[in-house]
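Student: File follows, input_23.cif with mmCIF, C-alpha atoms:
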```cif
data_query
loop_
_atom_site.label_atom_id
_atom_site.label_comp_id
_atom_site.auth_asym_id
_atom_site.auth_seq_id
_atom_site.Cartn_x
_atom_site.Cartn_y
_atom_site.Cartn_z
CA GLU N 601 174.94 39.80 187.81
CA ILE N 602 174.78 36.41 186.09
CA GLU N 603 171.05 36.91 185.49
CA LEU N 604 171.74 40.25 183.84
CA LYS N 605 174.24 38.62 181.47
CA ARG N 606 171.73 35.87 180.67
CA THR N 607 169.06 38.43 179.87
CA LYS N 608 171.39 40.33 177.55
CA PHE N 609 172.20 37.05 175.82
CA LYS N 610 168.50 36.28 175.28
CA ILE N 611 167.83 39.71 173.84
CA ARG N 612 170.88 39.59 171.57
CA ASN N 613 169.77 36.22 170.18
CA LEU N 614 166.25 37.45 169.58
CA ILE N 615 167.21 40.66 167.80
CA GLU N 616 169.79 38.72 165.75
CA GLU N 617 166.94 36.43 164.67
CA GLY N 618 164.97 39.50 163.65
CA LEU N 619 167.85 40.86 161.60
CA VAL N 620 168.67 37.58 159.84
CA ASN N 621 165.01 37.07 158.89
CA ASP N 622 164.58 40.64 157.61
CA ILE N 623 162.12 41.46 160.37
CA LEU N 624 164.32 44.19 161.86
CA THR N 625 166.35 46.76 159.99
CA GLU N 626 170.01 47.33 160.78
CA GLU N 627 169.03 50.53 162.57
CA GLU N 628 166.40 48.78 164.69
CA HIS N 629 168.78 45.93 165.48
CA SER N 630 171.47 48.38 166.59
CA ALA N 631 169.05 50.41 168.74
CA MET N 632 167.78 47.31 170.56
CA LYS N 633 171.23 46.00 171.53
CA PRO N 634 171.36 45.59 175.34
CA ASP N 635 175.14 45.47 175.71
CA GLU N 636 175.69 48.84 177.39
CA LYS N 637 172.47 48.73 179.39
CA ASP N 638 171.84 47.87 183.05
CA ALA N 639 168.94 46.50 185.09
CA ALA N 640 165.87 48.68 185.64
CA LYS N 641 165.39 50.68 188.84
CA PHE N 642 162.62 50.23 191.40
CA TYR N 643 160.95 53.10 193.23
CA CYS N 644 157.52 54.06 194.57
CA THR N 645 155.26 57.05 194.14
CA PHE N 646 152.66 58.03 196.72
CA LYS N 647 148.94 57.87 195.88
CA VAL N 648 148.17 61.14 197.64
CA HIS N 649 144.56 61.08 196.42
CA LYS N 650 143.82 57.83 198.29
CA ASP N 651 142.38 57.73 201.82
CA HIS N 652 144.96 57.27 204.57
CA ALA N 653 145.17 57.85 208.31
CA PRO N 654 146.51 61.20 209.54
CA MET N 655 150.29 61.29 210.05
CA THR N 656 150.75 58.16 207.93
CA ALA N 657 152.08 57.83 204.39
CA PRO N 658 149.54 57.37 201.57
CA PRO N 659 149.45 54.03 199.73
CA VAL N 660 152.33 53.58 197.31
CA ARG N 661 152.45 52.73 193.62
CA PRO N 662 155.41 50.47 192.73
CA ILE N 663 157.28 51.56 189.62
CA VAL N 664 160.03 49.70 187.76
CA SER N 665 161.65 52.33 185.56
CA SER N 666 162.98 50.78 182.37
CA SER N 667 164.87 53.93 181.40
CA GLY N 668 168.40 52.82 180.57
CA SER N 669 167.50 49.16 181.15
CA VAL N 670 168.35 46.14 179.00
CA THR N 671 164.75 45.91 177.77
CA GLU N 672 164.16 49.65 177.22
CA ASN N 673 164.44 49.78 173.42
CA THR N 674 162.90 46.36 172.90
CA ALA N 675 159.94 47.61 174.92
CA ALA N 676 159.76 50.80 172.83
CA SER N 677 159.57 48.70 169.66
CA VAL N 678 156.77 46.52 171.04
CA GLU N 679 154.80 49.57 172.15
CA TYR N 680 155.08 51.12 168.68
CA HIS N 681 153.52 48.02 167.10
CA ILE N 682 150.73 47.32 169.64
CA LYS N 683 149.52 50.81 170.57
CA ASP N 684 147.03 51.05 167.70
CA VAL N 685 145.40 47.63 168.16
CA ALA N 686 145.05 48.42 171.88
CA LYS N 687 142.48 51.08 170.98
CA LEU N 688 140.22 48.81 168.93
CA HIS N 689 137.61 47.80 171.48
CA PRO N 690 134.16 49.21 172.34
CA SER N 691 135.01 50.32 175.89
CA TYR N 692 138.11 52.33 174.89
CA LEU N 693 138.66 55.79 176.37
CA GLN N 694 141.70 57.78 175.27
CA ASP N 695 141.93 60.28 178.13
CA THR N 696 139.92 62.64 180.34
CA PRO N 697 138.82 64.98 177.49
CA ASP N 698 137.63 61.93 175.55
CA PHE N 699 135.62 60.81 178.59
CA LEU N 700 134.10 64.28 179.04
CA ARG N 701 133.09 64.39 175.37
CA TYR N 702 131.39 61.02 175.83
CA ILE N 703 129.54 62.21 178.94
CA GLU N 704 128.39 65.26 177.01
CA LYS N 705 126.70 62.95 174.51
CA VAL N 706 125.05 61.05 177.38
CA ASN N 707 123.77 64.32 178.84
CA ASP N 708 122.37 65.34 175.46
CA GLY N 709 120.52 62.03 175.13
CA THR N 710 117.51 60.58 176.90
CA ALA N 711 117.23 61.71 180.53
CA LEU N 712 118.34 59.18 183.12
CA GLU N 713 115.63 57.62 185.27
CA ASP N 714 115.55 57.17 189.04
CA ASP N 715 116.83 53.60 188.82
CA HIS N 716 119.88 54.52 186.75
CA ILE N 717 123.01 54.15 188.88
CA LEU N 718 126.36 55.75 188.03
CA VAL N 719 129.13 53.27 188.78
CA THR N 720 132.91 53.26 188.79
CA TRP N 721 134.96 50.07 189.03
CA ASP N 722 138.68 50.05 189.58
CA VAL N 723 140.97 47.07 189.03
CA THR N 724 143.33 46.55 191.96
CA GLY N 725 146.96 46.50 190.77
CA LEU N 726 146.10 45.62 187.16
CA TYR N 727 149.59 45.60 185.63
CA ASN N 728 151.08 43.46 188.38
CA ASN N 729 148.27 40.90 188.20
CA ILE N 730 148.19 40.02 184.50
CA LEU N 731 149.38 36.43 184.20
CA HIS N 732 151.97 36.15 181.43
CA GLU N 733 150.30 33.47 179.31
CA GLU N 734 146.90 35.16 179.35
CA GLY N 735 148.40 38.55 178.57
CA LEU N 736 150.48 37.19 175.70
CA GLU N 737 147.53 35.24 174.32
CA SER N 738 145.42 38.42 174.37
CA MET N 739 148.17 40.36 172.64
CA GLU N 740 148.51 37.68 169.97
CA GLN N 741 144.77 37.73 169.28
CA ALA N 742 144.76 41.50 168.95
CA LEU N 743 147.79 41.57 166.65
CA ASN N 744 146.32 38.88 164.42
CA SER N 745 143.52 41.31 163.54
CA ARG N 746 145.98 43.54 161.64
CA THR N 747 145.66 43.54 157.86
CA ASN N 748 149.17 44.69 156.88
CA PRO N 749 151.51 43.97 159.80
CA GLU N 750 154.96 45.50 159.64
CA ILE N 751 156.33 42.84 161.98
CA PRO N 752 154.95 39.27 162.34
CA THR N 753 152.74 38.65 165.36
CA ASP N 754 154.79 35.72 166.63
CA TYR N 755 157.96 37.81 166.70
CA LEU N 756 156.32 40.64 168.65
CA VAL N 757 154.99 38.08 171.13
CA LYS N 758 158.54 36.74 171.55
CA LEU N 759 159.81 40.26 172.24
CA MET N 760 157.07 40.87 174.80
CA ARG N 761 157.77 37.55 176.50
CA VAL N 762 161.43 38.52 176.93
CA ILE N 763 160.34 41.84 178.47
CA LEU N 764 157.93 40.16 180.88
CA GLU N 765 160.12 37.26 181.92
CA ASN N 766 163.31 39.29 182.28
CA ASN N 767 162.17 42.31 184.21
CA LEU N 768 165.32 42.70 186.28
CA PHE N 769 165.57 45.68 188.60
CA ARG N 770 167.78 47.02 191.34
CA PHE N 771 166.42 47.69 194.82
CA ASN N 772 168.33 48.18 198.04
CA GLU N 773 171.58 47.40 196.19
CA GLU N 774 170.30 43.96 195.16
CA LEU N 775 169.14 42.55 191.82
CA TRP N 776 165.53 41.32 191.65
CA ARG N 777 163.26 39.79 189.01
CA GLN N 778 159.51 40.35 188.76
CA GLU N 779 157.91 36.93 188.31
CA VAL N 780 154.23 37.87 187.88
CA GLY N 781 152.61 40.64 185.92
CA CYS N 782 153.89 43.48 183.80
CA ALA N 783 156.14 46.19 185.24
CA MET N 784 154.67 49.64 185.67
CA GLY N 785 157.32 51.67 183.91
CA THR N 786 157.92 49.59 180.79
CA LYS N 787 156.61 51.37 177.67
CA PRO N 788 154.12 48.78 176.35
CA ALA N 789 152.51 48.21 179.77
CA PRO N 790 149.41 50.42 179.24
CA SER N 791 148.66 49.04 175.76
CA TYR N 792 149.36 45.47 176.90
CA ALA N 793 147.03 45.87 179.90
CA ASP N 794 144.33 47.48 177.77
CA ILE N 795 144.43 44.57 175.32
CA PHE N 796 144.25 42.03 178.17
CA MET N 797 141.19 43.71 179.70
CA ALA N 798 139.48 43.93 176.31
CA LYS N 799 140.08 40.26 175.51
CA LYS N 800 139.65 38.62 178.92
CA ILE N 801 137.52 40.80 181.19
CA ASP N 802 135.19 43.32 179.48
CA ASP N 803 132.91 40.79 177.78
CA LYS N 804 132.66 38.71 180.95
CA ILE N 805 131.38 41.72 182.88
CA ILE N 806 128.75 42.35 180.21
CA SER N 807 127.76 38.65 180.19
CA LEU N 808 127.38 38.64 183.97
CA ALA N 809 125.21 41.74 183.83
CA GLN N 810 122.92 40.00 181.34
CA THR N 811 121.88 37.74 184.23
CA TYR N 812 119.88 40.69 185.58
CA SER N 813 118.40 41.72 182.23
CA ARG N 814 114.91 43.10 181.92
CA HIS N 815 113.03 41.93 178.86
CA GLY N 816 116.31 40.80 177.33
CA LYS N 817 118.01 44.18 177.83
CA SER N 818 121.23 44.28 179.84
CA PRO N 819 121.17 46.56 182.92
CA ILE N 820 124.63 47.84 181.92
CA GLU N 821 123.63 50.50 179.44
CA ILE N 822 127.11 52.02 179.20
CA LEU N 823 130.55 50.54 179.89
CA LYS N 824 133.61 52.65 179.09
CA ARG N 825 137.12 52.01 180.36
CA PHE N 826 140.40 53.86 180.65
CA LEU N 827 142.93 51.09 181.37
CA ASP N 828 141.92 49.88 184.87
CA ASP N 829 139.20 52.47 185.52
CA ILE N 830 135.69 51.58 184.36
CA PHE N 831 132.67 53.88 184.16
CA SER N 832 129.22 52.41 183.76
CA ILE N 833 125.54 53.28 183.95
CA PHE N 834 123.59 50.45 185.57
CA LYS N 835 119.79 50.34 185.42
CA GLY N 836 118.31 48.48 188.36
CA SER N 837 118.58 48.13 192.12
CA THR N 838 121.67 48.62 194.26
CA LYS N 839 121.06 45.07 195.52
CA ASN N 840 121.55 43.62 192.04
CA LEU N 841 124.48 45.94 191.42
CA HIS N 842 126.21 44.64 194.56
CA ILE N 843 125.51 41.05 193.54
CA LEU N 844 127.04 41.79 190.14
CA PHE N 845 130.08 43.34 191.84
CA ASP N 846 130.58 40.21 193.95
CA GLU N 847 130.32 38.04 190.83
CA MET N 848 132.80 40.26 188.98
CA ASN N 849 135.37 39.49 191.64
CA LYS N 850 135.03 35.80 190.75
CA ILE N 851 135.75 36.30 187.03
CA HIS N 852 139.50 35.91 187.37
CA GLU N 853 141.87 34.58 190.00
CA THR N 854 144.10 37.66 190.08
CA ILE N 855 141.91 40.48 188.71
CA LYS N 856 139.86 42.06 191.51
CA PHE N 857 137.72 45.19 191.64
CA THR N 858 136.75 48.00 193.98
CA THR N 859 133.66 50.11 193.32
CA ASN N 860 131.78 53.32 194.04
CA HIS N 861 128.31 54.26 192.86
CA SER N 862 125.49 56.75 193.18
CA SER N 863 122.36 55.95 195.22
CA PRO N 864 118.92 56.03 193.56
CA PRO N 865 116.31 58.25 195.24
CA ASN N 866 114.14 56.56 197.88
CA GLU N 867 116.20 53.35 197.86
CA PRO N 868 118.16 52.50 201.00
CA GLU N 869 121.82 51.61 200.52
CA GLU N 870 122.40 47.84 200.70
#
```
Once you've parsed the file, please lay out its structure as structure tokens.
Tutor:
Amino acid sequence: EIELKRTKFKIRNLIEEGLVNDILTEEEHSAMKPDEKDAAKFYCTFKVHKDHAPMTAPPVRPIVSSSGSVTENTAASVEYHIKDVAKLHPSYLQDTPDFLRYIEKVNDGTALEDDHILVTWDVTGLYNNILHEEGLESMEQALNSRTNPEIPTDYLVKLMRVILENNLFRFNEELWRQEVGCAMGTKPAPSYADIFMAKKIDDKIISLAQTYSRHGKSPIEILKRFLDDIFSIFKGSTKNLHILFDEMNKIHETIKFTTNHSSPPNEPEE
């Protein structure tokens, strides 16, 4: 319980700094007080849509619920201020209807050729594999693009750092701390992860694909992403697509991908 007290102390100091410097209002300062809060709670949900052997449990998704936790309202404040900048990148997809509207435009355009391959890439455990410094750097870059910020970038980064570094949760009647990555269950996690992917990963995928360009044109004709799920149309051979996939898994030490794709007519699967 000493760690819980230390975390409350850090948050109190930080929100006091915000109040004294007219960054936070009295109402915001009061709402973010951690005094009556506890550690988060850990649980798992089952990924029932994933393949698994008969009579065995499906893979699990670890969740750290911040509801009622010491960082809950701090996290809500951060999410409020980063959610809009998290949408400002070319690959952004809002939700399934947004994706379907985009596909409708593709279908209404030029017909796909035999060597067009439909590809999905999925990041394995994205939230839990974002290294703190890279995630915070990405967030800072995105926030610095604002023209009329309500709260200074450096202060929001401080708040997010406290959330990341003090993710305390209870499991099996013991208190734990998550050391790496962002908790699934804290409010800014999706926006934070989206910003990280936009700043650190998306452009590297596109640059890698340029290696297999034809007449200077990238084989990735479309790349759209909803958080950790990427949809792309790749023009070329499955051999080059698989080579690109292998190279993608070398982009980052903790960010790894799985993939599925269509097979062009008359071309054997590699």
Student: Just checking: using all atoms listed in the file, which residue out of N:Ile663, N:Phe831, N:Leu718, N:Ala639 ends up closest to N:Glu603?
Tutor: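 Nearest candidate to N:Glu603 out of N:Ile663, N:Phe831, N:Leu718, N:Ala639: N:Ala639.
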Student: Of the residues N:Lys824, N:His732, N:Lys787, N:Lys608, which is the one nearest to N:Val719, using all atoms listed in the file?
Tutor: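 Comparing N:Lys824, N:His732, N:Lys787, N:Lys608 against N:Val719, the winner is N:Lys824.
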Student: Given all atoms listed in the file as the basis, pick out the residue of N:Leu759, N:Met784, N:Leu768, N:Leu712 nearest to N:Thr645.
Tutor: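 With all atoms listed in the file as the atom set, the closest residue is N:Met784.
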Student: Residues within 12 Å of N:Glu734, please, as an MDAnalysis selection string. Count all atoms listed in the file; anything in the same chain fewer than 3 positions from it doesn't count.
Tutor: chainID N and resid 729:731 737:741 757 761 780:782 792:793 795:801 852:855
Student: At a cut-off of 10 Å, using all atoms listed in the file, what residues contact N:Thr858? Leave out same-chain residues fewer than 6 positions from it and give the result as a PyMOL selection string.
Tutor: chain N and resi 720-724+829+845-846+849
Student: Between atom CA of N:Asn673 and atom CA of N:Met632, what is the distance in Å, rounded to a tenth?
Tutor: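 Atom CA of N:Met632 lies at a distance of 5.0 Å from atom CA of N:Asn673.
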Student: Tell me, in Å to one decimal, how far atom CA of N:Ala789 is from atom CA of N:Asp698.
Tutor: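 Separation of atom CA of N:Ala789 and atom CA of N:Asp698: 20.7 Å.
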Student: Using Å and a single decimal, report how far atom CA of N:Arg606 sits from atom CA of N:Glu672.
Tutor: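 Straight-line distance from atom CA of N:Glu672 to atom CA of N:Arg606 works out to 16.1 Å.
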Student: Tell me which protein, DNA and RNA residues are within 9 Å of N:Pro662, counting only C-alpha atoms, leaving out same-chain ones fewer than 6 positions away, and put them as a list in words.
Tutor: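 In the requested form, the answer reads Phe642, Tyr643, Cys644, Thr645, Phe646, Ala783 and Met784 of chain N.
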Student: Taking (146.7, 56.0, 199.5) in the file's own coordinates, collect the residues within 12 Å, counting all atoms listed in the file, and hand them back as a list in words.
Tutor: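 Protein, DNA and RNA residues close to (146.7, 56.0, 199.5): Thr645, Phe646, Lys647, Val648, His649, Lys650, Asp651, His652, Ala653, Pro654, Thr656, Ala657, Pro658, Pro659, Val660 and Arg661 of chain N.
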Student: Hey, what's within 7 Å of stretch 680-696 of chain N if we count all atoms listed in the file and toss same-chain stuff fewer than 6 positions away? As a list in words, please?
Tutor: Ala742, Leu743, Ser791, Asp794, Ile795, Ala798, Leu823, Lys824, Arg825 and Phe826 of chain N
Student: Tell me which residues come within 12 Å of (128.4, 57.6, 196.5), as a PyMOL selection string, counting only C-alpha atoms in the file's coordinates.
Tutor: chain N and resi 717-720+838+859-864+869
Student: With a distance cut-off of 12 Å and only C-alpha atoms, select the neighbouring residues of N:Lys817, excluding the residue or stretch itself and same-chain residues fewer than 5 positions from it, and output the selection as a JSON list (two decimals) with C-alpha atoms, keeping the file's coordinate frame.
Tutor:
```
[["chain", "number", "residue", "atom", "x", "y", "z"],
["N", 806, "ILE", "CA", 128.75, 42.35, 180.21],
["N", 807, "SER", "CA", 127.76, 38.65, 180.19],
["N", 809, "ALA", "CA", 125.21, 41.74, 183.83],
["N", 810, "GLN", "CA", 122.92, 40.00, 181.34],
["N", 811, "THR", "CA", 121.88, 37.74, 184.23],
["N", 812, "TYR", "CA", 119.88, 40.69, 185.58],
["N", 834, "PHE", "CA", 123.59, 50.45, 185.57],
["N", 835, "LYS", "CA", 119.79, 50.34, 185.42],
["N", 836, "GLY", "CA", 118.31, 48.48, 188.36]]
```
Student: Starting from the PyMOL selection byres ((chain N and resi 762) around 10), expand the selection into actual residues of this file and give them as number ranges by chain.
Tutor: N: 607, 610-611, 614, 671, 674-675, 756-761, 763-767
Student: Just to be explicit: take each residue in the selection above, keep C-alpha atoms, and write the result as a JSON list (two decimals), in the frame of the given file.
Tutor:
```
[["chain", "number", "residue", "atom", "x", "y", "z"],
["N", 607, "THR", "CA", 169.06, 38.43, 179.87],
["N", 610, "LYS", "CA", 168.50, 36.28, 175.28],
["N", 611, "ILE", "CA", 167.83, 39.71, 173.84],
["N", 614, "LEU", "CA", 166.25, 37.45, 169.58],
["N", 671, "THR", "CA", 164.75, 45.91, 177.77],
["N", 674, "THR", "CA", 162.90, 46.36, 172.90],
["N", 675, "ALA", "CA", 159.94, 47.61, 174.92],
["N", 756, "LEU", "CA", 156.32, 40.64, 168.65],
["N", 757, "VAL", "CA", 154.99, 38.08, 171.13],
["N", 758, "LYS", "CA", 158.54, 36.74, 171.55],
["N", 759, "LEU", "CA", 159.81, 40.26, 172.24],
["N", 760, "MET", "CA", 157.07, 40.87, 174.80],
["N", 761, "ARG", "CA", 157.77, 37.55, 176.50],
["N", 763, "ILE", "CA", 160.34, 41.84, 178.47],
["N", 764, "LEU", "CA", 157.93, 40.16, 180.88],
["N", 765, "GLU", "CA", 160.12, 37.26, 181.92],
["N", 766, "ASN", "CA", 163.31, 39.29, 182.28],
["N", 767, "ASN", "CA", 162.17, 42.31, 184.21]]
```
Student: Which residue gives the smallest distance to N:Pro752 among N:Glu616, N:Asp622, N:Glu601, N:Glu774, with only C-alpha atoms counted?
Tutor: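 Looking only at the distances to N:Pro752, the closest residue turns out to be N:Asp622.
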